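*Asks:* Take a look at structure_15.cif, mmCIF, C-alpha atoms:
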```cif
data_input
#
loop_
_atom_site.label_atom_id
_atom_site.label_comp_id
_atom_site.auth_asym_id
_atom_site.auth_seq_id
_atom_site.Cartn_x
_atom_site.Cartn_y
_atom_site.Cartn_z
CA MET A 1 3.53 -75.76 -15.28
CA ILE A 2 5.03 -73.30 -17.76
CA ASN A 3 8.81 -73.27 -17.72
CA SER A 4 10.68 -70.05 -18.40
CA LEU A 5 13.33 -70.42 -21.09
CA THR A 6 16.04 -67.94 -22.11
CA LEU A 7 17.89 -68.07 -25.43
CA TYR A 8 21.35 -66.53 -25.17
CA THR A 9 24.53 -66.51 -27.28
CA PRO A 10 27.71 -67.37 -25.32
CA ALA A 11 29.99 -68.38 -28.18
CA GLY A 12 29.74 -68.13 -31.98
CA VAL A 13 27.90 -65.40 -33.87
CA LEU A 14 24.43 -65.94 -35.28
CA ASP A 15 24.55 -65.40 -39.02
CA LYS A 16 20.82 -64.67 -39.13
CA ALA A 17 18.26 -63.78 -36.48
CA GLN A 18 15.30 -65.48 -38.16
CA PRO A 19 16.08 -69.08 -37.11
CA ILE A 20 16.21 -68.08 -33.44
CA LYS A 21 12.99 -66.09 -33.71
CA ARG A 22 11.44 -69.15 -35.35
CA ALA A 23 12.83 -71.32 -32.54
CA ALA A 24 11.31 -69.02 -29.93
CA LYS A 25 7.85 -69.37 -31.50
CA ARG A 26 8.15 -73.16 -31.62
CA LEU A 27 9.31 -73.34 -28.01
CA VAL A 28 6.34 -71.23 -26.95
CA LYS A 29 4.05 -73.75 -28.63
CA LEU A 30 5.79 -76.46 -26.58
CA GLY A 31 4.74 -74.68 -23.40
CA PHE A 32 7.78 -72.57 -22.58
CA GLU A 33 7.70 -68.90 -21.66
CA VAL A 34 10.54 -67.71 -23.92
CA THR A 35 12.86 -64.75 -23.53
CA ILE A 36 15.59 -63.87 -26.03
CA ASP A 37 18.55 -62.29 -24.25
CA GLU A 38 19.22 -58.67 -25.15
CA ALA A 39 22.65 -59.47 -26.60
CA ALA A 40 21.69 -62.68 -28.44
CA PHE A 41 22.11 -61.11 -31.89
CA ASP A 42 25.27 -59.09 -31.19
CA LYS A 43 28.18 -59.53 -33.59
CA HIS A 44 31.92 -59.14 -33.10
CA GLN A 45 34.17 -60.88 -35.61
CA ARG A 46 33.11 -64.54 -35.46
CA PHE A 47 31.65 -64.16 -31.97
CA GLY A 48 28.18 -63.38 -30.64
CA GLY A 49 29.45 -60.12 -29.18
CA ASP A 50 32.87 -59.35 -27.72
CA ASP A 51 34.12 -61.28 -24.69
CA ASP A 52 32.69 -58.83 -22.15
CA THR A 53 29.28 -58.90 -23.85
CA ARG A 54 29.07 -62.68 -23.89
CA LEU A 55 30.33 -63.01 -20.33
CA ALA A 56 27.73 -60.49 -19.19
CA ALA A 57 25.04 -62.48 -21.01
CA ILE A 58 26.00 -65.69 -19.19
CA HIS A 59 25.98 -63.93 -15.83
CA ARG A 60 22.71 -62.14 -16.66
CA VAL A 61 21.02 -65.46 -17.46
CA ALA A 62 22.44 -67.07 -14.31
CA ALA A 63 21.20 -64.20 -12.13
CA ALA A 64 17.71 -64.44 -13.65
CA ALA A 65 17.73 -68.23 -13.12
CA PRO A 66 15.16 -69.25 -15.75
CA SER A 67 13.96 -72.85 -15.81
CA VAL A 68 16.00 -73.41 -18.99
CA ALA A 69 19.09 -71.60 -20.28
CA LEU A 70 19.35 -72.67 -23.93
CA ALA A 71 22.38 -71.54 -25.93
CA THR A 72 21.46 -70.39 -29.43
CA ARG A 73 24.46 -72.11 -31.02
CA GLY A 74 27.99 -73.37 -30.36
CA GLY A 75 30.92 -72.38 -32.56
CA TYR A 76 33.82 -71.01 -30.56
CA GLY A 77 34.19 -68.50 -27.75
CA LEU A 78 33.66 -70.03 -24.32
CA THR A 79 37.31 -70.99 -23.94
CA ARG A 80 38.10 -67.26 -23.82
CA LEU A 81 35.75 -66.84 -20.86
CA LEU A 82 36.59 -69.80 -18.62
CA ASP A 83 38.94 -67.87 -16.34
CA ARG A 84 36.34 -65.13 -15.81
CA ILE A 85 33.07 -66.99 -15.37
CA ASP A 86 31.45 -66.66 -11.94
CA TRP A 87 31.03 -70.38 -11.31
CA LYS A 88 29.35 -69.81 -7.95
CA LEU A 89 26.68 -67.74 -9.67
CA LEU A 90 26.07 -70.47 -12.23
CA ALA A 91 25.97 -73.16 -9.55
CA LYS A 92 23.45 -71.09 -7.60
CA SER A 93 21.24 -70.84 -10.68
CA VAL A 94 21.26 -74.64 -11.01
CA GLU A 95 20.28 -74.96 -7.35
CA GLN A 96 17.44 -72.52 -8.06
CA GLY A 97 16.19 -74.73 -10.88
CA THR A 98 18.01 -73.67 -14.06
CA ARG A 99 18.88 -76.34 -16.57
CA TRP A 100 21.78 -75.19 -18.78
CA VAL A 101 21.40 -76.92 -22.13
CA GLY A 102 23.59 -77.19 -25.22
CA GLN A 103 26.43 -78.99 -26.95
CA SER A 104 29.55 -78.34 -29.03
CA ASP A 105 31.34 -75.29 -27.55
CA LEU A 106 28.97 -75.47 -24.55
CA THR A 107 31.03 -78.47 -23.42
CA ALA A 108 33.51 -75.97 -21.95
CA LEU A 109 30.87 -74.34 -19.76
CA GLN A 110 29.37 -77.65 -18.70
CA LEU A 111 32.68 -79.25 -17.73
CA GLY A 112 33.90 -76.05 -16.10
CA LEU A 113 30.81 -75.96 -13.93
CA LEU A 114 31.22 -79.64 -13.11
CA THR A 115 34.77 -78.88 -11.99
CA HIS A 116 34.22 -75.70 -10.00
CA ALA A 117 30.78 -76.13 -8.45
CA LYS A 118 31.10 -77.05 -4.80
CA ALA A 119 27.46 -77.95 -4.24
CA PRO A 120 26.21 -81.49 -5.00
CA ASN A 121 23.74 -82.27 -7.76
CA VAL A 122 24.97 -79.52 -10.07
CA ILE A 123 23.82 -81.04 -13.33
CA THR A 124 23.69 -79.51 -16.81
CA TRP A 125 22.23 -81.02 -19.96
CA ALA A 126 24.04 -81.97 -23.13
CA GLY A 127 21.35 -81.55 -25.74
CA PRO A 128 20.08 -79.41 -28.59
CA LEU A 129 20.85 -75.77 -29.27
CA GLY A 130 18.46 -73.01 -30.19
CA VAL A 131 19.29 -73.45 -33.87
CA ASP A 132 17.98 -77.02 -33.70
CA PHE A 133 14.53 -75.58 -33.05
CA GLY A 134 14.95 -72.91 -35.71
CA ARG A 135 15.41 -75.11 -38.77
CA SER A 136 12.94 -74.17 -41.50
CA ASP A 137 10.25 -76.63 -42.56
CA LYS A 138 11.85 -76.67 -46.01
CA ASP A 139 15.06 -77.97 -44.42
CA GLY A 140 13.26 -80.60 -42.37
CA GLY A 141 12.04 -78.66 -39.35
CA VAL A 142 12.61 -79.93 -35.82
CA ASP A 143 13.51 -83.60 -35.34
CA ASP A 144 10.77 -85.37 -33.38
CA VAL A 145 13.09 -87.41 -31.17
CA THR A 146 15.21 -84.36 -30.35
CA GLN A 147 12.12 -82.34 -29.45
CA ASP A 148 10.52 -85.08 -27.36
CA CYS A 149 13.71 -85.84 -25.45
CA PHE A 150 14.20 -82.13 -24.77
CA THR A 151 10.70 -81.52 -23.44
CA GLU A 152 10.82 -84.64 -21.27
CA ALA A 153 14.25 -83.78 -19.91
CA MET A 154 13.25 -80.21 -19.14
CA SER A 155 10.13 -81.39 -17.28
CA GLY A 156 12.14 -83.95 -15.30
CA GLN A 157 10.41 -86.94 -16.87
CA LEU A 158 13.28 -88.35 -18.91
CA GLU A 159 14.98 -91.12 -16.95
CA ALA A 160 16.85 -93.06 -19.61
CA VAL A 161 17.88 -93.23 -23.24
CA GLY A 162 18.37 -96.37 -25.29
CA PHE A 163 20.49 -97.15 -28.33
CA ARG A 164 22.23 -99.99 -30.14
CA CYS A 165 25.96 -100.61 -29.96
CA GLU A 166 28.35 -102.98 -31.68
CA LYS A 167 28.44 -106.67 -30.83
CA GLY A 168 30.69 -107.83 -28.03
CA PHE A 169 29.33 -105.96 -24.99
CA ASP A 170 26.40 -108.18 -24.03
CA GLY A 171 26.05 -108.40 -20.24
CA LEU A 172 28.06 -105.27 -19.50
CA THR A 173 26.64 -103.55 -16.42
CA LEU A 174 28.20 -100.56 -14.69
CA ASN A 175 27.51 -97.22 -13.08
CA GLY A 176 29.34 -93.94 -12.72
CA GLN A 177 29.20 -90.19 -13.19
CA LEU A 178 28.26 -89.10 -16.70
CA TRP A 179 30.45 -86.46 -18.27
CA GLY A 180 31.98 -85.41 -21.59
CA GLY A 181 30.74 -83.72 -24.74
CA ASN A 182 32.58 -82.51 -27.80
CA LEU A 183 35.93 -84.32 -28.16
CA CYS A 184 37.92 -81.28 -29.31
CA MET A 185 36.56 -79.21 -26.43
CA VAL A 186 37.29 -81.94 -23.88
CA ASN A 187 40.87 -82.18 -25.11
CA SER A 188 41.32 -78.41 -25.14
CA MET A 189 40.60 -78.37 -21.41
CA LEU A 190 42.92 -81.26 -20.55
CA GLY A 191 45.66 -80.11 -18.18
CA THR A 192 43.86 -76.89 -17.22
CA LYS A 193 42.24 -76.00 -13.92
CA HIS A 194 38.85 -76.30 -15.62
CA PHE A 195 39.17 -79.99 -16.53
CA PRO A 196 37.17 -82.33 -14.25
CA ARG A 197 39.25 -85.08 -12.64
CA ILE A 198 36.64 -87.82 -12.73
CA LYS A 199 37.41 -91.42 -11.87
CA GLY A 200 35.02 -94.30 -12.41
CA GLY A 201 32.89 -92.22 -14.75
CA VAL A 202 31.05 -92.76 -18.01
CA LEU A 203 32.65 -90.50 -20.61
CA PHE A 204 30.61 -89.66 -23.71
CA LEU A 205 32.20 -88.02 -26.75
CA GLU A 206 31.22 -86.74 -30.21
CA ASP A 207 32.63 -84.49 -32.93
CA ILE A 208 32.10 -83.34 -36.51
CA ASN A 209 34.27 -82.71 -39.56
CA GLU A 210 37.23 -84.46 -37.93
CA HIS A 211 38.99 -87.11 -40.01
CA PRO A 212 39.31 -90.45 -38.17
CA TYR A 213 43.06 -89.95 -37.69
CA ARG A 214 42.31 -86.73 -35.80
CA VAL A 215 39.69 -88.53 -33.71
CA GLU A 216 42.20 -91.29 -32.97
CA ARG A 217 44.89 -88.79 -32.05
CA SER A 218 42.58 -87.00 -29.62
CA LEU A 219 41.41 -90.25 -28.04
CA LEU A 220 44.99 -91.44 -27.70
CA GLN A 221 45.84 -88.16 -25.97
CA LEU A 222 43.12 -88.91 -23.42
CA ALA A 223 44.42 -92.46 -23.09
CA GLN A 224 48.04 -91.37 -22.63
CA ALA A 225 46.94 -88.79 -20.05
CA GLY A 226 45.31 -91.59 -18.05
CA VAL A 227 41.78 -90.32 -18.58
CA LEU A 228 40.38 -93.32 -20.45
CA ASP A 229 41.73 -95.95 -18.06
CA ALA A 230 40.20 -93.99 -15.17
CA GLN A 231 36.67 -94.42 -16.58
CA LYS A 232 34.31 -97.38 -16.37
CA ALA A 233 33.13 -96.84 -19.94
CA VAL A 234 33.52 -94.54 -22.92
CA VAL A 235 30.45 -94.02 -25.11
CA LEU A 236 30.91 -92.56 -28.58
CA GLY A 237 28.25 -90.55 -30.39
CA ASP A 238 28.32 -89.29 -33.96
CA PHE A 239 31.61 -88.46 -35.72
CA GLY A 240 30.35 -87.53 -39.16
CA GLY A 241 31.16 -84.88 -41.72
CA TRP A 242 34.70 -86.01 -42.54
CA ARG A 243 36.05 -86.75 -46.02
CA ALA A 244 38.01 -89.81 -46.97
CA SER A 245 41.49 -89.36 -48.42
CA PRO A 246 43.18 -91.47 -51.12
CA LEU A 247 45.94 -91.97 -48.55
CA ASP A 248 43.59 -93.73 -46.12
CA ARG A 249 43.95 -97.09 -47.90
CA GLY A 250 41.12 -98.68 -45.89
CA TYR A 251 41.70 -96.71 -42.72
CA ASP A 252 38.42 -95.38 -41.33
CA LEU A 253 36.64 -94.56 -38.09
CA LYS A 254 36.40 -98.25 -37.15
CA SER A 255 40.18 -98.50 -37.59
CA ALA A 256 40.70 -95.48 -35.35
CA ILE A 257 38.47 -96.84 -32.60
CA ALA A 258 40.15 -100.26 -32.79
CA ALA A 259 43.55 -98.61 -32.28
CA VAL A 260 42.30 -96.84 -29.15
CA ARG A 261 40.63 -99.96 -27.78
CA ALA A 262 43.98 -101.70 -28.02
CA VAL A 263 45.58 -99.34 -25.50
CA THR A 264 42.91 -99.07 -22.81
CA LYS A 265 41.16 -101.51 -20.52
CA THR A 266 38.01 -99.40 -20.60
CA PRO A 267 35.18 -100.61 -22.85
CA ILE A 268 34.46 -98.21 -25.71
CA LEU A 269 30.88 -98.40 -26.97
CA THR A 270 29.53 -96.75 -30.12
CA GLY A 271 26.08 -95.77 -31.35
CA LEU A 272 25.01 -93.07 -28.89
CA PRO A 273 22.49 -90.85 -30.73
CA PHE A 274 24.17 -87.59 -29.88
CA GLY A 275 26.35 -85.10 -31.69
CA HIS A 276 26.17 -82.61 -34.55
CA VAL A 277 23.20 -84.42 -36.08
CA ASP A 278 19.49 -83.69 -36.34
CA THR A 279 18.52 -86.54 -34.03
CA LYS A 280 20.02 -86.13 -30.58
CA VAL A 281 19.02 -87.16 -27.08
CA CYS A 282 19.50 -85.17 -23.88
CA LEU A 283 22.12 -86.32 -21.38
CA PRO A 284 22.52 -85.15 -17.75
CA VAL A 285 26.14 -84.07 -17.40
CA GLY A 286 27.32 -84.78 -13.87
CA ALA A 287 24.55 -87.23 -12.98
CA LYS A 288 25.09 -90.73 -11.66
CA VAL A 289 24.06 -93.16 -14.37
CA ASP A 290 23.60 -96.89 -14.85
CA LEU A 291 24.63 -98.50 -18.13
CA VAL A 292 23.26 -101.93 -19.03
CA VAL A 293 23.86 -103.86 -22.26
CA GLN A 294 21.64 -106.72 -23.40
CA GLY A 295 22.71 -108.11 -26.74
CA ARG A 296 23.34 -104.93 -28.70
CA ASN A 297 20.74 -102.90 -26.82
CA VAL A 298 22.12 -100.32 -24.41
CA LEU A 299 20.10 -98.60 -21.71
CA LEU A 300 21.65 -95.54 -20.09
CA GLY A 301 19.52 -94.53 -17.12
CA TRP A 302 19.61 -92.13 -14.20
CA GLN A 303 17.50 -91.20 -11.21
CA ASN A 304 14.81 -88.56 -11.38
CA ASP A 305 16.02 -85.01 -11.90
CA PRO A 306 17.20 -83.79 -8.46
CA LEU A 307 15.50 -80.46 -9.22
CA LEU A 308 12.19 -82.27 -8.80
CA ARG A 309 12.98 -83.79 -5.43
CA HIS A 310 10.36 -81.58 -3.76
CA GLU A 311 7.80 -82.05 -6.51
CA HIS A 312 5.61 -84.97 -7.50
CA ALA A 313 7.75 -87.33 -9.55
CA HIS A 314 6.18 -88.32 -12.84
CA GLU A 315 7.07 -91.91 -13.66
CA HIS A 316 8.52 -92.29 -17.12
CA GLU A 317 6.64 -95.34 -18.39
CA HIS A 318 8.71 -95.97 -21.46
CA LYS A 319 12.32 -95.80 -20.42
CA ASN A 320 13.47 -97.09 -23.77
CA GLU A 321 11.03 -94.96 -25.76
CA HIS A 322 13.83 -93.14 -27.55
CA ALA A 323 15.89 -96.17 -28.50
CA HIS A 324 17.80 -95.40 -31.65
CA ASP A 325 19.37 -97.67 -34.22
CA PRO A 326 22.71 -96.11 -35.23
CA SER A 327 22.19 -97.49 -38.71
CA HIS A 328 19.10 -95.31 -39.13
CA PRO A 329 19.90 -92.38 -41.43
CA HIS A 330 19.85 -88.97 -39.79
#
```
Kindly return the structure encoded in the file as structure tokens.
*Replies:*
Amino acid sequence: MINSLTLYTPAGVLDKAQPIKRAAKRLVKLGFEVTIDEAAFDKHQRFGGDDDTRLAAIHRVAAAAPSVALATRGGYGLTRLLDRIDWKLLAKSVEQGTRWVGQSDLTALQLGLLTHAKAPNVITWAGPLGVDFGRSDKDGGVDDVTQDCFTEAMSGQLEAVGFRCEKGFDGLTLNGQLWGGNLCMVNSMLGTKHFPRIKGGVLFLEDINEHPYRVERSLLQLAQAGVLDAQKAVVLGDFGGWRASPLDRGYDLKSAIAAVRAVTKTPILTGLPFGHVDTKVCLPVGAKVDLVVQGRNVLLGWQNDPLLRHEHAHEHEHKNEHAHDPSHPH
């Protein structure tokens, strides 16, 4: 079955149109019927169109209810729109079969929908952006794992992702609602009416270009607000792109994570292959997940996509097919 897919720009401006046009061609080859939203290439300051233009694009996509709503890129801009988004319209699109996919600034939309949607099973997907499919062959093209995870997730076949964590969590088994995304975006929503009050969840986080002390500070804010202790587990993705300082004197990301672990009872795992990196898995935001650790191998699994509950379920034979060693260079 061919899935309809719409590329739209809800946040930061696209510097060039060519990568998205290239992405559209590649997505067509993967079996999607692709539409590029009419305002996808608009420009206003650093935004993909002014606030009204981007809000209209989101609502236009939701009303059309394609199989996949794939943001072209992140950047910044959705925070401006949170108070004006028609959450009922977005929730209705999910019920009609739309999978909203993205990361980075898209965290705001995904968590806002998780907070405001009244219907059950309103799930979005943390995953690649349009620009991930638009990378030129000279720059490496599309990452195979990212592409495979995306196509499986969008067809409802992806049921789990695997990765390797640090030692010390062998035997850990738990379940809860999966939520999270970009750390800065999660923290920016803390204390607002758009922040989901989730207890007993599995919180996943990632960020880029943030020095470890900034990562620690943000995680401590979540700890001091009671968010971390309310979860069953915290799973950290990639936090690359930062530069060491002569003042660090041995302080690094491991030091930052150790400081946060010292103030929460919640286990904090690392190694999730997700973030601002070429290789990223897809994660169902809002879904009930099971997390199992054997040795250093972690399996994060969920039930079949609820959107397929009336269709023939395709059994995913290799649940750990996309296991990823965090030591593998991206």
*Asks:* Please write as a compact mmCIF listing (two decimals) with C-alpha atoms, in the frame of the given file the full residue list that the PyMOL selection byres ((chain A and resi 24) around 8) yields on this file.
*Replies:*
```txt
# COMPACT_ATOMS: atom_id res chain seq x y z
CA ILE A 20 16.21 -68.08 -33.44
CA LYS A 21 12.99 -66.09 -33.71
CA ARG A 22 11.44 -69.15 -35.35
CA ALA A 23 12.83 -71.32 -32.54
CA LYS A 25 7.85 -69.37 -31.50
CA ARG A 26 8.15 -73.16 -31.62
CA LEU A 27 9.31 -73.34 -28.01
CA VAL A 28 6.34 -71.23 -26.95
CA VAL A 34 10.54 -67.71 -23.92
CA THR A 35 12.86 -64.75 -23.53
CA ILE A 36 15.59 -63.87 -26.03
CA PHE A 133 14.53 -75.58 -33.05
CA GLY A 134 14.95 -72.91 -35.71
```
*Asks:* Determine, counting only C-alpha atoms, which protein, DNA and RNA residues have an atom within 7 Å of an atom of Ser67 in chain A; residues of the same chain fewer than 5 positions away are not included. Present the result as JSON, numbers by chain.
*Replies:* {"A": [3, 4, 5, 97, 98, 99]}
*Asks:* Have a look at CA of Ala117 in chain A and CA of Val285 in chain A and let me know their distance in Å, one decimal.
*Replies:*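 Interatomic distance, CA of Ala117 in chain A to CA of Val285 in chain A: 12.8 Å.
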*Asks:* What do you get, as a PyMOL selection string, if you spell out every residue that the PyMOL selection byres ((chain A and resi 272) around 7) selects here?
*Replies:* chain A and resi 163+235-237+270-271+273-274
*Asks:* What does the distance from CA of Gly181 in chain A to CA of Leu205 in chain A come to in Å, to one decimal?
*Replies:*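 Taking CA of Gly181 in chain A and CA of Leu205 in chain A, their separation equals 5.0 Å.
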*Asks:* Would you kindly translate the PyMOL selection byres ((chain A and resi 231) around 12) into the concrete residues it picks from this file, as an NGL selection string?
*Replies:* :A and (174-180 or 197-204 or 222-223 or 226-230 or 232-235 or 264-268)
*Asks:* Need to verify the contact set: range 8-11 of chain A, 9 Å, only C-alpha atoms, exclusion of same-chain residues closer than 4 positions in sequence. Can you return it as a PyMOL selection string?
*Replies:* chain A and resi 35-42+46-49+51+53-55+57-58+61+69-79+105-106+130
